[in-house]
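S.K.: Provided below: coords10.cif, containing mmCIF, C-alpha atoms and all ligand atoms.
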```
data_run
loop_
_atom_site.label_atom_id
_atom_site.label_comp_id
_atom_site.auth_asym_id
_atom_site.auth_seq_id
_atom_site.Cartn_x
_atom_site.Cartn_y
_atom_site.Cartn_z
CA MET A 1 -23.25 22.87 6.01
CA ASN A 2 -24.61 19.37 5.32
CA GLU A 3 -25.15 16.78 8.04
CA GLY A 4 -21.96 14.83 7.26
CA ASP A 5 -19.69 17.89 7.27
CA ASP A 6 -21.27 19.07 10.48
CA LEU A 7 -20.51 15.71 12.11
CA ILE A 8 -16.87 15.87 10.99
CA ARG A 9 -16.62 19.35 12.49
CA ARG A 10 -18.16 18.21 15.81
CA ASP A 11 -15.88 15.14 15.87
CA ALA A 12 -12.79 17.32 15.32
CA ALA A 13 -13.90 19.64 18.11
CA VAL A 14 -14.17 16.96 20.80
CA PHE A 15 -11.70 14.18 20.00
CA PHE A 16 -7.98 14.61 20.60
CA HIS A 17 -6.52 14.75 17.13
CA GLN A 18 -4.16 11.93 16.27
CA GLU A 19 -2.60 10.42 13.19
CA GLY A 20 -5.03 8.23 11.28
CA SER A 21 -8.05 9.04 13.45
CA SER A 22 -9.60 12.50 13.98
CA PRO A 23 -10.10 14.68 11.95
CA CYS A 24 -12.18 12.28 9.85
CA ILE A 25 -12.84 12.05 6.13
CA ALA A 26 -16.60 11.42 6.37
CA GLY A 27 -19.40 10.40 8.72
CA LEU A 28 -20.84 6.92 8.21
CA SER A 29 -24.53 6.20 8.06
CA ARG A 30 -24.58 2.45 7.38
CA ALA A 31 -22.36 -0.62 7.12
CA SER A 32 -23.59 -3.86 5.62
CA GLY A 33 -21.71 -6.81 4.12
CA MET A 34 -18.68 -5.49 2.22
CA TRP A 35 -20.23 -2.02 1.89
CA ILE A 36 -20.01 1.17 3.91
CA ASP A 37 -22.15 4.24 3.15
CA ASP A 38 -21.27 7.76 4.17
CA MET A 39 -23.63 10.54 5.07
CA ALA A 40 -23.03 12.33 1.76
CA GLY A 41 -24.48 9.31 -0.08
CA ASN A 42 -21.17 7.75 -1.19
CA ARG A 43 -20.87 3.98 -1.10
CA TYR A 44 -17.54 2.19 -0.77
CA VAL A 45 -16.38 -1.40 -0.80
CA ASP A 46 -14.66 -1.73 2.57
CA LEU A 47 -11.24 -3.18 1.75
CA HIS A 48 -9.93 -2.20 5.16
CA GLY A 49 -12.50 -2.77 7.94
CA ASN A 50 -9.59 -2.48 10.41
CA THR A 51 -9.05 -6.14 9.47
CA CYS A 52 -11.88 -7.08 11.80
CA HIS A 53 -14.76 -7.41 9.33
CA HIS A 54 -14.18 -11.07 8.39
CA LEU A 55 -17.96 -11.63 8.49
CA GLY A 56 -18.77 -8.45 6.61
CA HIS A 57 -20.63 -5.73 8.45
CA ALA A 58 -23.80 -6.45 10.40
CA HIS A 59 -23.98 -10.17 9.62
CA PRO A 60 -27.66 -11.02 10.34
CA ARG A 61 -26.82 -14.23 12.23
CA LEU A 62 -24.41 -12.35 14.48
CA VAL A 63 -26.88 -9.54 15.11
CA ALA A 64 -29.61 -12.05 16.08
CA ALA A 65 -27.26 -14.01 18.38
CA LEU A 66 -26.19 -10.84 20.19
CA LYS A 67 -29.77 -9.68 20.68
CA GLN A 68 -30.62 -13.04 22.22
CA GLN A 69 -27.53 -13.02 24.46
CA LEU A 70 -28.43 -9.53 25.62
CA ASP A 71 -31.78 -10.88 26.81
CA GLU A 72 -30.34 -13.99 28.45
CA LEU A 73 -27.10 -12.96 30.21
CA PRO A 74 -25.45 -9.66 29.30
CA PHE A 75 -22.64 -9.60 31.90
CA SER A 76 -20.69 -11.88 34.20
CA PRO A 77 -18.74 -10.46 37.17
CA ARG A 78 -15.30 -11.82 38.03
CA ARG A 79 -15.09 -15.21 39.77
CA PHE A 80 -18.30 -16.37 38.05
CA THR A 81 -18.08 -18.25 34.84
CA ASN A 82 -20.70 -18.53 32.12
CA ALA A 83 -21.49 -20.92 29.31
CA PRO A 84 -20.51 -18.73 26.30
CA ALA A 85 -17.08 -17.79 27.74
CA THR A 86 -16.24 -21.38 28.69
CA GLU A 87 -17.44 -22.80 25.38
CA LEU A 88 -15.40 -20.20 23.54
CA ALA A 89 -12.27 -21.12 25.53
CA GLU A 90 -12.90 -24.81 24.76
CA ARG A 91 -13.31 -24.21 21.05
CA LEU A 92 -10.29 -21.94 20.67
CA THR A 93 -7.93 -24.10 22.72
CA ALA A 94 -9.06 -27.20 20.79
CA ARG A 95 -7.53 -25.61 17.68
CA PHE A 96 -4.07 -24.91 19.16
CA ARG A 97 -1.28 -27.38 19.96
CA GLY A 98 -3.59 -30.34 19.52
CA GLY A 99 -5.77 -29.07 22.37
CA HIS A 100 -2.87 -29.01 24.86
CA SER A 101 -3.43 -25.32 25.49
CA LYS A 102 -5.15 -22.79 27.72
CA LEU A 103 -6.11 -19.17 27.19
CA LEU A 104 -6.97 -15.80 28.63
CA LEU A 105 -9.49 -13.39 27.11
CA MET A 106 -9.27 -9.63 27.16
CA PRO A 107 -10.99 -6.73 25.43
CA GLY A 108 -8.27 -5.66 22.99
CA GLY A 109 -5.23 -6.71 21.00
CA SER A 110 -2.77 -4.44 22.80
CA GLU A 111 -3.78 -5.89 26.16
CA ALA A 112 -3.41 -9.38 24.75
CA ILE A 113 0.14 -8.68 23.61
CA GLU A 114 0.95 -7.32 27.09
CA THR A 115 -0.52 -10.47 28.66
CA ALA A 116 1.48 -12.76 26.38
CA ILE A 117 4.68 -10.89 27.27
CA ARG A 118 3.87 -11.20 30.98
CA LEU A 119 3.28 -14.95 30.64
CA ALA A 120 6.59 -15.40 28.81
CA THR A 121 8.42 -13.31 31.42
CA ILE A 122 6.95 -15.39 34.25
CA ALA A 123 7.73 -18.67 32.49
CA THR A 124 11.34 -17.82 31.60
CA GLY A 125 12.26 -15.42 34.41
CA ARG A 126 13.63 -13.08 31.71
CA ALA A 127 12.26 -9.68 30.72
CA GLY A 128 14.04 -9.11 27.39
CA ILE A 129 11.90 -9.17 24.25
CA ILE A 130 12.82 -9.42 20.58
CA ALA A 131 10.62 -7.73 17.97
CA LEU A 132 10.96 -6.99 14.27
CA ASN A 133 11.92 -3.53 13.11
CA GLY A 134 8.91 -1.87 11.49
CA SER A 135 6.39 -4.00 13.35
CA TYR A 136 3.22 -2.89 15.12
CA HIS A 137 1.77 -4.67 18.15
CA GLY A 138 -0.56 -2.13 19.72
CA HIS A 139 -0.59 0.88 21.96
CA GLY A 140 0.02 -0.43 25.47
CA MET A 141 3.29 0.58 27.10
CA GLY A 142 4.82 -2.84 26.32
CA SER A 143 3.18 -3.40 22.96
CA LEU A 144 4.07 0.10 21.75
CA SER A 145 7.66 -0.45 22.85
CA LEU A 146 7.77 -3.50 20.59
CA SER A 147 6.34 -1.58 17.68
CA ASP A 148 8.96 -0.05 15.42
CA SER A 149 12.31 1.04 16.75
CA GLU A 150 12.33 4.48 15.17
CA HIS A 151 9.62 6.23 17.07
CA ASP A 152 9.14 9.95 17.43
CA PRO A 153 11.17 10.82 20.55
CA ARG A 154 8.15 12.58 22.05
CA LEU A 155 6.56 9.13 22.51
CA ARG A 156 9.41 8.10 24.75
CA HIS A 157 7.56 6.27 27.51
CA ARG A 158 8.83 2.85 26.59
CA ILE A 159 9.85 -0.25 28.47
CA ASP A 160 13.48 -1.33 28.56
CA GLY A 161 14.98 -4.53 27.24
CA ILE A 162 13.44 -4.52 23.75
CA PHE A 163 15.74 -5.71 20.97
CA HIS A 164 14.77 -4.99 17.38
CA ILE A 165 16.04 -7.26 14.63
CA SER A 166 15.88 -6.69 10.88
CA PRO A 167 12.64 -8.07 9.40
CA TYR A 168 12.30 -10.63 6.62
CA TRP A 169 10.66 -8.11 4.29
CA ASP A 170 13.65 -5.75 4.38
CA GLU A 171 15.51 -6.83 1.25
CA GLN A 172 18.28 -4.28 1.82
CA ALA A 173 19.04 -5.94 5.15
CA GLY A 174 19.23 -9.38 3.52
CA GLY A 175 15.55 -10.44 3.68
CA ALA A 176 14.81 -13.66 5.59
CA ASP A 177 18.50 -14.64 5.79
CA GLY A 178 19.33 -11.21 7.18
CA MET A 179 16.63 -11.63 9.78
CA LEU A 180 17.96 -15.03 10.86
CA GLN A 181 21.49 -13.62 11.20
CA SER A 182 20.21 -10.61 13.09
CA LEU A 183 18.24 -12.92 15.41
CA ALA A 184 21.18 -15.24 16.03
CA SER A 185 23.50 -12.34 16.92
CA CYS A 186 20.90 -10.79 19.20
CA LEU A 187 20.34 -14.11 21.03
CA ASN A 188 24.07 -14.75 21.36
CA ALA A 189 24.82 -11.24 22.59
CA ASN A 190 22.03 -11.40 25.18
CA ARG A 191 22.21 -14.96 26.50
CA GLY A 192 19.94 -15.50 29.47
CA ARG A 193 18.20 -12.13 29.06
CA ILE A 194 15.55 -12.74 26.40
CA GLY A 195 12.18 -14.21 27.40
CA CYS A 196 10.28 -14.04 24.13
CA LEU A 197 10.15 -13.05 20.49
CA VAL A 198 6.96 -11.37 19.31
CA ALA A 199 6.15 -11.19 15.58
CA GLU A 200 3.36 -11.48 13.06
CA PRO A 201 3.86 -14.66 10.98
CA MET A 202 2.96 -12.53 7.97
CA ARG A 203 3.28 -8.81 8.67
CA SER A 204 0.22 -6.78 7.67
CA ASN A 205 2.28 -5.21 4.88
CA CYS A 206 1.48 -8.60 3.25
CA HIS A 207 5.02 -9.57 2.29
CA VAL A 208 4.92 -13.36 2.54
CA PRO A 209 7.96 -14.87 4.28
CA PRO A 210 9.73 -17.88 2.72
CA ARG A 211 8.61 -21.26 4.12
CA MET A 212 12.00 -21.92 5.73
CA LEU A 213 11.92 -18.80 7.92
CA TRP A 214 9.66 -19.55 10.88
CA PRO A 215 10.79 -23.14 11.51
CA ARG A 216 14.38 -21.80 11.70
CA VAL A 217 13.30 -18.98 14.02
CA ALA A 218 11.45 -21.49 16.21
CA GLU A 219 14.58 -23.68 16.39
CA LEU A 220 16.77 -20.74 17.40
CA CYS A 221 14.25 -19.62 20.01
CA ALA A 222 13.93 -23.12 21.46
CA ALA A 223 17.73 -23.47 21.64
CA HIS A 224 17.91 -20.28 23.70
CA GLY A 225 14.85 -21.00 25.86
CA VAL A 226 12.95 -18.12 24.27
CA LYS A 227 9.15 -18.29 23.85
CA LEU A 228 7.88 -17.65 20.35
CA ILE A 229 4.72 -15.51 20.33
CA PHE A 230 2.79 -14.97 17.12
CA ASP A 231 0.64 -11.86 16.86
CA GLU A 232 -2.24 -12.98 14.62
CA ILE A 233 -4.51 -10.13 15.63
CA PRO A 234 -5.16 -9.11 11.99
CA SER A 235 -4.13 -12.35 10.24
CA GLY A 236 -5.82 -15.03 12.36
CA LEU A 237 -9.30 -16.55 12.18
CA GLY A 238 -9.18 -17.58 8.55
CA LYS A 239 -8.14 -14.29 6.98
CA THR A 240 -5.16 -15.84 5.18
CA GLY A 241 -7.06 -18.96 4.09
CA LYS A 242 -6.05 -20.99 7.18
CA PHE A 243 -7.50 -20.70 10.68
CA PHE A 244 -4.14 -19.57 12.08
CA ALA A 245 -1.78 -17.72 9.73
CA HIS A 246 1.17 -19.73 11.10
CA GLU A 247 -0.37 -22.91 9.61
CA HIS A 248 1.07 -21.76 6.28
CA PHE A 249 4.60 -22.05 7.63
CA ASP A 250 5.04 -25.47 9.30
CA VAL A 251 5.62 -23.99 12.71
CA VAL A 252 3.75 -23.96 16.01
CA PRO A 253 4.52 -21.05 18.35
CA ASP A 254 4.40 -21.23 22.16
CA MET A 255 1.60 -18.68 22.16
CA VAL A 256 -0.68 -17.14 19.57
CA VAL A 257 -2.61 -13.92 20.02
CA LEU A 258 -5.97 -13.37 18.33
CA GLY A 259 -8.06 -10.19 18.29
CA LYS A 260 -9.92 -7.90 15.92
CA ALA A 261 -12.38 -10.25 14.13
CA LEU A 262 -12.69 -12.42 17.23
CA GLY A 263 -15.52 -10.16 18.44
CA GLY A 264 -17.33 -10.65 15.13
CA GLY A 265 -16.16 -7.22 13.99
CA VAL A 266 -18.67 -5.55 16.30
CA LEU A 267 -17.30 -6.03 19.81
CA PRO A 268 -13.73 -5.78 21.12
CA LEU A 269 -12.26 -9.13 22.13
CA ALA A 270 -8.81 -10.70 22.05
CA ALA A 271 -7.26 -13.95 23.27
CA VAL A 272 -3.85 -15.24 24.27
CA ILE A 273 -3.71 -18.97 23.63
CA GLY A 274 -0.63 -20.74 24.90
CA ASP A 275 0.76 -24.15 25.64
CA ALA A 276 -0.96 -25.55 28.75
CA SER A 277 2.46 -25.88 30.45
CA LEU A 278 2.44 -22.08 30.82
CA ASP A 279 -0.27 -22.39 33.47
CA ILE A 280 2.28 -21.92 36.27
CA ALA A 281 1.32 -18.81 38.20
CA PRO A 282 -2.22 -19.09 39.61
CA GLU A 283 -1.23 -16.75 42.45
CA LEU A 284 -0.46 -13.85 40.06
CA SER A 285 -2.71 -11.51 38.08
CA ILE A 286 -1.54 -12.08 34.55
CA GLY A 287 -4.30 -10.31 32.64
CA HIS A 288 -7.33 -9.24 34.68
CA TYR A 289 -9.91 -7.31 32.70
CA THR A 290 -13.37 -6.08 33.60
CA HIS A 291 -14.80 -7.66 30.45
CA GLU A 292 -12.59 -10.76 30.53
CA LYS A 293 -15.42 -13.31 30.44
CA ASN A 294 -18.16 -11.00 29.20
CA PRO A 295 -20.85 -13.28 27.71
CA MET A 296 -21.77 -10.75 25.01
CA LEU A 297 -18.19 -10.70 23.74
CA ALA A 298 -17.97 -14.48 24.00
CA ARG A 299 -21.26 -14.89 22.12
CA ALA A 300 -19.96 -12.65 19.35
CA ALA A 301 -16.85 -14.84 19.08
CA LEU A 302 -18.77 -18.12 19.22
CA THR A 303 -21.12 -16.95 16.50
CA MET A 304 -18.12 -15.80 14.49
CA LEU A 305 -16.64 -19.32 14.77
CA ASP A 306 -20.01 -20.91 13.89
CA ILE A 307 -20.32 -18.80 10.74
CA LEU A 308 -16.70 -19.46 9.74
CA GLU A 309 -17.34 -23.20 10.01
CA ASP A 310 -20.91 -23.45 8.68
CA ASP A 311 -20.28 -21.24 5.65
CA ASP A 312 -16.82 -22.69 4.97
CA LEU A 313 -15.42 -19.16 4.99
CA ILE A 314 -11.79 -20.14 5.45
CA ALA A 315 -11.68 -22.21 2.25
CA ARG A 316 -13.65 -19.45 0.53
CA ALA A 317 -11.08 -16.85 1.62
CA ALA A 318 -8.33 -18.98 0.07
CA ALA A 319 -10.29 -19.30 -3.19
CA THR A 320 -11.48 -15.69 -3.51
CA GLY A 321 -8.02 -14.46 -2.54
CA ASP A 322 -6.43 -16.51 -5.33
CA LEU A 323 -9.01 -15.29 -7.79
CA LEU A 324 -8.43 -11.65 -6.85
CA HIS A 325 -4.73 -12.23 -7.32
CA GLN A 326 -5.29 -13.66 -10.81
CA LEU A 327 -7.59 -10.79 -11.80
CA ILE A 328 -5.27 -8.03 -10.66
CA ASP A 329 -1.67 -9.22 -10.77
CA GLY A 330 0.21 -7.97 -13.84
CA HIS A 331 -2.47 -5.49 -14.96
CA GLU A 332 -0.87 -2.50 -16.69
CA ALA A 333 -1.96 1.10 -17.11
CA GLY A 334 0.68 3.13 -18.94
CA PRO A 335 3.88 2.97 -16.90
CA PHE A 336 2.01 1.51 -13.90
CA ARG A 337 1.91 -2.22 -13.28
CA LEU A 338 -0.16 -3.80 -10.52
CA THR A 339 1.32 -6.61 -8.48
CA CYS A 340 -0.61 -8.43 -5.82
CA ARG A 341 0.95 -10.09 -2.76
CA GLY A 342 -0.28 -11.73 0.42
CA LEU A 343 -2.30 -14.77 1.45
CA GLY A 344 -6.03 -15.47 1.32
CA LEU A 345 -7.86 -12.19 1.72
CA LEU A 346 -5.04 -10.40 3.50
CA ARG A 347 -3.36 -8.84 0.50
CA ALA A 348 -1.76 -5.69 -0.84
CA VAL A 349 -1.72 -4.29 -4.36
CA GLU A 350 1.47 -2.58 -5.37
CA PHE A 351 1.40 0.21 -7.99
CA ASP A 352 4.81 -0.21 -9.58
CA GLY A 353 5.82 2.75 -11.69
CA PRO A 354 6.53 6.43 -11.19
CA PRO A 355 6.16 7.50 -7.55
CA VAL A 356 2.61 8.53 -6.72
CA GLY A 357 2.62 8.70 -2.93
CA ALA A 358 0.63 6.56 -0.56
CA GLU A 359 -2.01 9.14 0.30
CA ALA A 360 -2.66 9.91 -3.38
CA LEU A 361 -3.31 6.19 -3.91
CA VAL A 362 -5.81 6.06 -1.05
CA THR A 363 -7.59 9.16 -2.37
CA ALA A 364 -7.75 7.72 -5.88
CA ALA A 365 -9.16 4.47 -4.47
CA ARG A 366 -11.85 6.39 -2.64
CA ALA A 367 -12.77 8.23 -5.83
CA CYS A 368 -13.29 4.77 -7.38
CA GLY A 369 -15.53 3.56 -4.55
CA LEU A 370 -12.92 1.66 -2.53
CA SER A 371 -12.17 2.39 1.11
CA THR A 372 -8.70 1.21 2.04
CA THR A 373 -5.38 2.16 3.60
CA THR A 374 -1.75 2.08 2.57
CA ARG A 375 0.52 -0.92 3.10
CA ASP A 376 3.64 1.00 2.11
CA GLU A 377 4.46 4.01 -0.08
CA LYS A 378 3.41 2.14 -3.26
CA SER A 379 0.73 -0.25 -2.04
CA LEU A 380 -2.90 -0.34 -1.04
CA GLY A 381 -4.45 -2.83 1.37
CA LEU A 382 -6.77 -5.40 -0.21
CA SER A 383 -8.55 -6.94 2.74
CA PRO A 384 -12.25 -7.53 2.00
CA PRO A 385 -14.54 -9.64 4.22
CA LEU A 386 -14.33 -13.43 3.98
CA THR A 387 -18.00 -13.47 3.00
CA ILE A 388 -17.48 -11.91 -0.45
CA ALA A 389 -18.94 -13.87 -3.35
CA LEU A 390 -16.94 -14.88 -6.41
CA GLU A 391 -18.75 -12.14 -8.44
CA ASP A 392 -17.61 -9.53 -5.91
CA THR A 393 -14.00 -10.24 -6.81
CA GLN A 394 -14.76 -9.02 -10.38
CA LEU A 395 -16.19 -5.77 -9.06
CA ILE A 396 -13.24 -5.21 -6.73
CA ALA A 397 -10.72 -5.98 -9.46
CA GLU A 398 -12.49 -3.65 -11.92
CA ARG A 399 -12.40 -0.83 -9.39
CA LEU A 400 -8.71 -1.40 -8.68
CA LYS A 401 -8.04 -1.18 -12.41
CA GLN A 402 -9.99 2.10 -12.44
CA VAL A 403 -7.69 3.33 -9.66
CA ALA A 404 -4.72 2.53 -11.90
CA GLU A 405 -6.35 4.51 -14.77
CA LEU A 406 -7.00 7.45 -12.47
CA VAL A 407 -3.44 7.39 -11.16
CA LEU A 408 -2.24 7.28 -14.77
CA GLN A 409 -4.37 10.31 -15.73
CA GLN A 410 -3.06 12.23 -12.73
CA HIS A 411 0.50 11.27 -13.60
CA VAL A 412 0.05 12.40 -17.22
CA LYS A 413 -1.43 15.69 -16.05
CA ALA A 414 1.32 16.30 -13.48
CA SER A 415 4.19 15.39 -15.80
CA GLY A 416 2.73 17.47 -18.61
CA SER A 417 3.46 14.67 -21.09
CA PRO A 418 1.00 13.54 -23.75
CA SER A 419 -1.01 10.43 -23.02
CA LEU A 420 1.14 7.48 -22.10
CA ALA A 421 -1.66 4.98 -22.32
C1 LIG B 501 -0.51 -6.67 14.30
C2 LIG B 501 -1.32 -5.95 15.34
N1 LIG B 501 -1.07 -6.17 16.64
C3 LIG B 501 -1.77 -5.55 17.61
C4 LIG B 501 -2.75 -4.62 17.30
C5 LIG B 501 -3.47 -3.92 18.41
O1 LIG B 501 -4.79 -4.37 18.52
P1 LIG B 501 -5.87 -3.41 19.22
O2 LIG B 501 -6.07 -2.22 18.31
O3 LIG B 501 -7.10 -4.28 19.36
O4 LIG B 501 -5.31 -3.00 20.55
C6 LIG B 501 -3.04 -4.35 15.96
C7 LIG B 501 -4.04 -3.35 15.61
O5 LIG B 501 -4.13 -2.83 14.53
C8 LIG B 501 -2.30 -5.02 14.95
O6 LIG B 501 -2.51 -4.79 13.65
#
```
Could you write out this structure as structure tokens?
M.R.:
Amino acid sequence: MNEGDDLIRRDAAVFFHQEGSSPCIAGLSRASGMWIDDMAGNRYVDLHGNTCHHLGHAHPRLVAALKQQLDELPFSPRRFTNAPATELAERLTARFRGGHSKLLLMPGGSEAIETAIRLATIATGRAGIIALNGSYHGHGMGSLSLSDSEHDPRLRHRIDGIFHISPYWDEQAGGADGMLQSLASCLNANRGRIGCLVAEPMRSNCHVPPRMLWPRVAELCAAHGVKLIFDEIPSGLGKTGKFFAHEHFDVVPDMVVLGKALGGGVLPLAAVIGDASLDIAPELSIGHYTHEKNPMLARAALTMLDILEDDDLIARAAATGDLLHQLIDGHEAGPFRLTCRGLGLLRAVEFDGPPVGAEALVTAARACGLSTTTRDEKSLGLSPPLTIALEDTQLIAERLKQVAELVLQQHVKASGSPSLA
């Protein structure tokens, strides 16, 4: 048995098995820039990176900054502050609500969603929460309860008072108009019970909502005294070509939640940034975490922000995203047609044509040197780092076209028909 297979076997023996995690497909030996290398010598463009690799893997400036921080101040116990954590809070709050904002830091996205819910509950005195059907907001008790309404009944430990409305991407339920109607009826039927609405401004399935949607949602929420919370854990920090994803939609939420890439893609860090008027309960523990103001995590985030700004990565994400779209959208291979959707470098590629199955698409992508996940039954995620060069978009597009050819060959073989190409 080779080293990689042996590692997969050891992993499967000691980790609880769960969907999407263990057992694994390969052991990794190296990650650098947009590339990941496995122990069997395969090299993939990382089009997934758990949506936290905005800087690419192992960015040298980030690595150097963390080594220095480790030497200077690696930890900060509660009640003490430190320069990196405070500077980070200053720089993040300066970007939200014209600086009239405050924040809390925590080590993960799920915890951040829980904290945002708690803040909204305290501010409104109401515990009801509205979420979109088919959403995902993490694995805490509260955040998991928000995620999807059709969960396996064995995962039944959920909090009460969650109301799911139809999402804008569900065309059968009327799309964005259907969502607005569903929201209005939910608010009217539960007057005085709902404290907040939690949603991603653009869901990670990369369906882009119409411009009119979020301003109308914000109006409805404000009329009912409901706090609007945007989960930008995957979509924030420049991924969509704007610092906050909601900047695409002429709307400012009461709170925005960042995570994933905030720790530079190497350390876990998340933030709840909210209007400063929410600072109303100093006597309560709203979100206390051991690594709340950890200077290593804060240094990772500060360096992440420095690199975003110095290398103009947000504008680059907008440009490379558009270019990828142009290179891929409309490409045909036999009965398959590729369509590209999304914003910036948070995109999905749909393989329109005969049904192939999501897992078959992922496997075909891997065979073509692309590591990615599904966005729905017909689509693959296209989420490379913001650091990719213009030439890299050619390589990625070529490989996606190879995936289409491979899928076509498999389809021809399975259907027994002569070549359709
Ligand atoms: C939209 C969204 N919200 C919340 C989370 C949870 O973040 P974490 O895994 O850091 O707890 C994720 C993670 O994938 C996510 O995609």
S.K.: Go through A:Thr339, A:Thr372, A:Thr121, A:Thr86 one by one, measure the shortest atom-to-atom distance of each to Ile229 (chain A) using only C-alpha atoms, and give the residue with the smallest value.
M.R.: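 For Ile229 (chain A), the nearest of the candidates is A:Thr121.
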S.K.: Counting only C-alpha atoms and all ligand atoms, which residues in chain A sit no more than 9 Å from ligand LIG 501 (chain B)? For each one, give the nearest pair of atoms and the distance in Å, sorted by chain then residue number, as CSV.
M.R.:
```
residue,atom,partner,partner_atom,distance
A:Asn50,CA,B:LIG501,O5,6.8
A:Thr51,CA,B:LIG501,O5,7.8
A:Pro107,CA,B:LIG501,O3,7.6
A:Gly108,CA,B:LIG501,O3,4.1
A:Gly109,CA,B:LIG501,O1,3.4
A:Ser110,CA,B:LIG501,O4,3.7
A:Glu111,CA,B:LIG501,O4,6.5
A:Ala112,CA,B:LIG501,O4,7.9
A:Ile113,CA,B:LIG501,C3,7.0
A:Ser135,CA,B:LIG501,C1,7.5
A:Tyr136,CA,B:LIG501,C1,5.4
A:His137,CA,B:LIG501,N1,3.5
A:Gly138,CA,B:LIG501,C5,3.7
A:His139,CA,B:LIG501,O4,6.3
A:Gly140,CA,B:LIG501,O4,7.7
A:Ser143,CA,B:LIG501,C3,7.6
A:Ser147,CA,B:LIG501,N1,8.8
A:Ala199,CA,B:LIG501,C1,8.2
A:Glu200,CA,B:LIG501,C1,6.3
A:Arg203,CA,B:LIG501,C1,7.1
A:Ser204,CA,B:LIG501,C1,6.7
A:Asp231,CA,B:LIG501,C1,5.9
A:Glu232,CA,B:LIG501,C1,6.6
A:Ile233,CA,B:LIG501,C2,5.3
A:Pro234,CA,B:LIG501,O6,5.3
A:Ser235,CA,B:LIG501,C1,7.9
A:Val257,CA,B:LIG501,N1,8.6
A:Leu258,CA,B:LIG501,N1,8.9
A:Gly259,CA,B:LIG501,O3,6.1
A:Lys260,CA,B:LIG501,O3,5.7
A:Pro268,CA,B:LIG501,O3,7.0
A:Leu269,CA,B:LIG501,O3,7.6
A:Ala270,CA,B:LIG501,O3,7.2
```
S.K.: For a test of reading the model, state the distance in Å between CA of Leu92 (chain A) and CA of Gly49 (chain A), rounded to one decimal.
M.R.: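 Separation of CA of Leu92 (chain A) and CA of Gly49 (chain A): 23.1 Å.
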S.K.: For a test of reading the model, state the distance in Å between CA of Gly321 (chain A) and CA of Ala245 (chain A), rounded to one decimal.
M.R.: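 Those two atoms sit 14.1 Å apart.
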S.K.: So that I can check the surroundings of Glu405 (chain A), please list as a PyMOL selection string every protein, DNA and RNA residue that reaches within 10 Å of it, counting only C-alpha atoms and ignoring chain neighbours fewer than 4 positions away.
M.R.: chain A and resi 332-334+336+364+399-401+409-411+421
S.K.: Could you jot down the CA of Thr124 (chain A) to CA of Leu144 (chain A) separation for me, Å, one decimal place?
M.R.: 21.7 Å
S.K.: Identify, on the basis of all atoms listed in the file, every residue whose closest approach to Pro201 (chain A) does not exceed 10 Å; exclude the query and any residue fewer than 6 positions from it along the same chain; express the result as a VMD selection string.
M.R.: chain A and resid 208 to 209 213 to 214 229 to 232 235 to 236 244 to 249 251 253
S.K.: Rank A:Leu155, A:Met304, A:Val356, A:Leu327 by their smallest atom-to-atom distance to Gly56 (chain A), using all atoms listed in the file, and report the top residue only.
M.R.: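 Looking at the shortest contact to Gly56 (chain A), the residue is A:Met304.
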S.K.: Can you list, as number ranges by chain, every protein, DNA or RNA residue that comes within 9 Å of Tyr168 (chain A) when you count all atoms listed in the file, leaving out same-chain residues fewer than 2 positions away?
M.R.: A: 132, 166, 170-171, 173-180, 207-210, 213
S.K.: Determine the nearest neighbour of Gln68 (chain A) from the options A:Met296, A:Leu262, A:Val252, A:Leu197, counting only C-alpha atoms.
M.R.: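 Closest to Gln68 (chain A) of all the choices is A:Met296.
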S.K.: Using all atoms listed in the file, which residue out of A:Lys67, A:Ile286, A:Gly134, A:Gly4 lies closest to Asn42 (chain A)?
M.R.: A:Gly4
S.K.: A:Ser22, A:Ser76, A:Gln326, A:Gln402: which is nearest Gly369 (chain A), counting only C-alpha atoms?
M.R.: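 The closest residue to Gly369 (chain A) is A:Gln402.
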S.K.: Let me have the centre and edge lengths in Å, one decimal, of the box along x, y and z around every listed atom of region 282-290 of chain A with 8 Å of margin on each side, as JSON.
M.R.:
```
{"center_x": -6.9, "center_y": -12.6, "center_z": 37.5, "size_x": 28.9, "size_y": 29.0, "size_z": 25.8}
```
S.K.: Could you give me region 411-416 of chain A completed to N, CA and C atoms, formatted as a short mmCIF file (atom, residue, chain, number, x, y, z; two decimals), keeping the file's coordinate frame?
M.R.:
```cif
data_model
loop_
_atom_site.label_atom_id
_atom_site.label_comp_id
_atom_site.auth_asym_id
_atom_site.auth_seq_id
_atom_site.Cartn_x
_atom_site.Cartn_y
_atom_site.Cartn_z
N HIS A 411 -0.92 11.23 -13.30
CA HIS A 411 0.50 11.27 -13.60
C HIS A 411 0.75 12.03 -14.91
N VAL A 412 -0.10 11.75 -15.92
CA VAL A 412 0.05 12.40 -17.22
C VAL A 412 -0.12 13.91 -17.05
N LYS A 413 -1.14 14.27 -16.27
CA LYS A 413 -1.43 15.69 -16.05
C LYS A 413 -0.25 16.37 -15.33
N ALA A 414 0.25 15.70 -14.28
CA ALA A 414 1.32 16.30 -13.48
C ALA A 414 2.63 16.38 -14.25
N SER A 415 2.90 15.37 -15.09
CA SER A 415 4.19 15.39 -15.80
C SER A 415 4.12 16.20 -17.09
N GLY A 416 2.90 16.62 -17.45
CA GLY A 416 2.73 17.47 -18.61
C GLY A 416 2.98 16.75 -19.92
#
```
